[in-house]
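Worksheet: one structure, shown below.
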Amino acid sequence: MATPPKRKAKAEDQDVSAEDMLRYYRDMLLIRRFEEKAGQMYGMGLIGGFCHLYIGQEAVVVGMQAAITPDDAVITSYRDHGHMLACGMEANGVMAELTGRRGGYSKGKGGSMHMFSREKNFYGGHGIVGAQVPLGTGIAFAHWYRGKANVCLAYLGDGAANQGQVYESLNMAALWKLPCIYIIENNRYGMGTAIERASASTEFFRRGEPWGIPGEAVDGMNVLTVREAGMRAVAHAKAGKGPYILEMKTYRYRGHSMSDPAKYRSKEEVEKMRSQHDPIEQLAKMIGDAKIADEARLKQIDREVKEIVTASADFAQQSPEPDPSELWTDVLVET
């Protein structure tokens, strides 16, 4: 059922407009600049707890968002700021949540790993490794049970792919043909452990084969390739054929979290990925080659994005801290 990696997509090979190309570029750049600012604020002590940056992996979530509708659901783990922004959540609310302020999406109580937006059908950020996978399967079940023609994108990392609840979820999703797309973001390291040291099989797209779940490996550093694969997976799930697995071969430039010096890999390895496979630079080149926009226009987009990010940092620092009474809210549902 599994298929080999697809060739790299190019702008001229797809039905993708100039407007779409510029939007993907802007969205990826927004995530990159936001995460850079979050890293700075963490270093200044303005963000506490854990903080996992998405720098380098931007093409995965932007490409997948291009393949779904606003009524489809998204759930992920703790490297989640990029997913939030790609879903349309405002930078102000995300940054305010990172700093534990009242203006955050979870009123300052969720922090980096636990914020939600029902309005955007974003169901978290989850700090427990692999816990979001059965939850995402449940969301897909709700779509199926209610007769909705929607899918749930359940993101997980290569480390989480070895968790037992993942396989229980795959079995159930295949049994009931649930519209769930499992996106394994394979950035090659589970915390500080290389995939070859943690997984007997590193072809994660094959993990659904025992249940007949199709899967494919995807160049997760090329936003158009991701979009193309995402559309195949979404069409499969929405046709009632059940779940689909996409292994996104991607790479994070920073450590596992802000407290990780990432000494388990060489500087040469990171620099090679940055110089040869950076998702934003690749798209910029495609935009230039297709004469969609010149360098001046791309620099203008960068300036606009930086203004949004700077404003979000200002908003976060000006937003008041939650009242202590908030400790007792949102902890019980009365029926």
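Every chain in the structure tokens has a letter given in the order shown (A, B, ...), and although residue numbers restart at 1 in each chain, ligands are simply numbered from 1 in the order shown.
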From range 176-236 of chain A, collect each residue whose DSSP state is strand (DSSP E or B) and return the set as JSON, numbers by chain. {"A": [180, 181, 182, 183, 184, 185, 186, 189, 190, 193, 194, 215, 216, 217, 218, 219]}
Excluding range 313-317 of chain A and its own-chain neighbours fewer than 2 positions away, which residues fall within 10 Å of it when counting only C-alpha atoms? Please give them as a ChimeraX atom specification. /A:34,37-38,41,46,91-104,307-311,319-321
Kindly save the residues from that selection, with N, CA and C atoms included, as a JSON list (two decimals), in the first residue's frame.
```
[["chain", "number", "residue", "atom", "x", "y", "z"],
["A", 34, "PHE", "N", 8.12, 34.82, 13.31],
["A", 34, "PHE", "CA", 7.47, 34.70, 14.62],
["A", 34, "PHE", "C", 8.31, 33.83, 15.55],
["A", 37, "LYS", "N", 11.40, 35.56, 16.77],
["A", 37, "LYS", "CA", 11.07, 36.51, 17.83],
["A", 37, "LYS", "C", 10.76, 35.78, 19.14],
["A", 38, "ALA", "N", 10.06, 34.66, 19.05],
["A", 38, "ALA", "CA", 9.76, 33.88, 20.25],
["A", 38, "ALA", "C", 11.05, 33.40, 20.90],
["A", 41, "MET", "N", 12.53, 36.32, 22.77],
["A", 41, "MET", "CA", 11.79, 36.64, 23.99],
["A", 41, "MET", "C", 12.01, 35.58, 25.07],
["A", 46, "LEU", "N", 11.04, 36.41, 28.96],
["A", 46, "LEU", "CA", 9.65, 36.82, 28.83],
["A", 46, "LEU", "C", 8.72, 35.63, 28.56],
["A", 91, "ALA", "N", -1.30, 36.40, 15.35],
["A", 91, "ALA", "CA", 0.01, 36.41, 16.00],
["A", 91, "ALA", "C", -0.06, 37.03, 17.39],
["A", 92, "ASN", "N", -0.90, 38.04, 17.56],
["A", 92, "ASN", "CA", -1.03, 38.69, 18.87],
["A", 92, "ASN", "C", -1.46, 37.69, 19.94],
["A", 93, "GLY", "N", -2.49, 36.93, 19.64],
["A", 93, "GLY", "CA", -3.02, 35.97, 20.61],
["A", 93, "GLY", "C", -2.06, 34.84, 20.89],
["A", 94, "VAL", "N", -1.33, 34.39, 19.87],
["A", 94, "VAL", "CA", -0.37, 33.31, 20.07],
["A", 94, "VAL", "C", 0.79, 33.79, 20.94],
["A", 95, "MET", "N", 1.35, 34.96, 20.62],
["A", 95, "MET", "CA", 2.48, 35.46, 21.39],
["A", 95, "MET", "C", 2.07, 35.79, 22.82],
["A", 96, "ALA", "N", 0.87, 36.33, 22.99],
["A", 96, "ALA", "CA", 0.40, 36.63, 24.35],
["A", 96, "ALA", "C", 0.25, 35.36, 25.17],
["A", 97, "GLU", "N", -0.14, 34.28, 24.52],
["A", 97, "GLU", "CA", -0.25, 33.01, 25.24],
["A", 97, "GLU", "C", 1.13, 32.49, 25.63],
["A", 98, "LEU", "N", 2.11, 32.66, 24.74],
["A", 98, "LEU", "CA", 3.47, 32.22, 25.06],
["A", 98, "LEU", "C", 4.00, 32.93, 26.30],
["A", 99, "THR", "N", 3.61, 34.17, 26.47],
["A", 99, "THR", "CA", 4.09, 34.95, 27.61],
["A", 99, "THR", "C", 3.16, 34.85, 28.82],
["A", 100, "GLY", "N", 2.12, 34.02, 28.72],
["A", 100, "GLY", "CA", 1.22, 33.80, 29.85],
["A", 100, "GLY", "C", 0.33, 34.98, 30.16],
["A", 101, "ARG", "N", -0.14, 35.68, 29.14],
["A", 101, "ARG", "CA", -0.94, 36.88, 29.36],
["A", 101, "ARG", "C", -2.42, 36.65, 29.06],
["A", 102, "ARG", "N", -3.22, 37.55, 29.58],
["A", 102, "ARG", "CA", -4.68, 37.44, 29.46],
["A", 102, "ARG", "C", -5.16, 37.49, 28.02],
["A", 103, "GLY", "N", -4.40, 38.16, 27.16],
["A", 103, "GLY", "CA", -4.78, 38.29, 25.76],
["A", 103, "GLY", "C", -4.46, 37.07, 24.92],
["A", 104, "GLY", "N", -3.94, 36.02, 25.54],
["A", 104, "GLY", "CA", -3.60, 34.80, 24.81],
["A", 104, "GLY", "C", -4.82, 33.95, 24.50],
["A", 307, "GLU", "N", 6.67, 43.54, 10.81],
["A", 307, "GLU", "CA", 5.82, 44.49, 11.52],
["A", 307, "GLU", "C", 4.75, 43.76, 12.33],
["A", 308, "ILE", "N", 4.16, 42.71, 11.74],
["A", 308, "ILE", "CA", 3.16, 41.91, 12.45],
["A", 308, "ILE", "C", 3.77, 41.26, 13.68],
["A", 309, "VAL", "N", 4.95, 40.70, 13.52],
["A", 309, "VAL", "CA", 5.62, 40.00, 14.62],
["A", 309, "VAL", "C", 6.03, 40.98, 15.72],
["A", 310, "THR", "N", 6.57, 42.12, 15.33],
["A", 310, "THR", "CA", 6.94, 43.12, 16.33],
["A", 310, "THR", "C", 5.72, 43.59, 17.10],
["A", 311, "ALA", "N", 4.62, 43.80, 16.39],
["A", 311, "ALA", "CA", 3.38, 44.22, 17.05],
["A", 311, "ALA", "C", 2.89, 43.14, 18.02],
["A", 319, "SER", "N", -0.18, 43.20, 27.44],
["A", 319, "SER", "CA", -1.38, 42.51, 27.92],
["A", 319, "SER", "C", -1.20, 42.14, 29.39],
["A", 320, "PRO", "N", -2.23, 42.34, 30.20],
["A", 320, "PRO", "CA", -2.10, 42.04, 31.64],
["A", 320, "PRO", "C", -2.04, 40.54, 31.90],
["A", 321, "GLU", "N", -1.48, 40.20, 33.05],
["A", 321, "GLU", "CA", -1.47, 38.80, 33.46],
["A", 321, "GLU", "C", -2.87, 38.37, 33.89]]
```
Determine the nearest neighbour of Ser312 in chain A from the options A:Arg33, A:Arg188, A:Lys177, A:Lys241, counting only C-alpha atoms.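 Selected residue with least distance to Ser312 in chain A: A:Arg33.
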As number ranges by chain, please: the residues near Leu156 in chain A (cut-off 7 Å, only C-alpha atoms, same-chain neighbours under 6 positions excluded). A: 76-77, 130, 183-185
For N, CA and C atoms, I'd like the residues from the last selection saved as an mmCIF file, in the first residue's frame.
```
data_model
loop_
_atom_site.group_PDB
_atom_site.id
_atom_site.type_symbol
_atom_site.label_atom_id
_atom_site.label_comp_id
_atom_site.auth_asym_id
_atom_site.auth_seq_id
_atom_site.Cartn_x
_atom_site.Cartn_y
_atom_site.Cartn_z
ATOM 1 N N THR A 76 -2.247 18.828 16.895
ATOM 2 C CA THR A 76 -0.812 18.561 16.808
ATOM 3 C C THR A 76 -0.219 18.408 18.193
ATOM 4 N N SER A 77 1.115 18.345 18.245
ATOM 5 C CA SER A 77 1.799 18.169 19.522
ATOM 6 C C SER A 77 2.336 19.507 20.013
ATOM 7 N N GLY A 130 2.501 11.860 21.618
ATOM 8 C CA GLY A 130 1.567 10.947 20.959
ATOM 9 C C GLY A 130 0.129 11.066 21.402
ATOM 10 N N ILE A 183 -0.016 12.873 9.823
ATOM 11 C CA ILE A 183 1.131 13.549 9.220
ATOM 12 C C ILE A 183 2.316 13.394 10.163
ATOM 13 N N ILE A 184 3.249 12.535 9.776
ATOM 14 C CA ILE A 184 4.433 12.295 10.596
ATOM 15 C C ILE A 184 5.529 13.268 10.159
ATOM 16 N N GLU A 185 5.809 14.241 10.996
ATOM 17 C CA GLU A 185 6.844 15.230 10.679
ATOM 18 C C GLU A 185 8.197 14.651 11.096
#
```
With distances taken over only C-alpha atoms, which of A:Ala284, A:Lys120, A:Lys109, A:Asp219 is nearest to Leu327 in chain A?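 The shortest atom-to-atom distance to Leu327 in chain A comes from A:Lys109.
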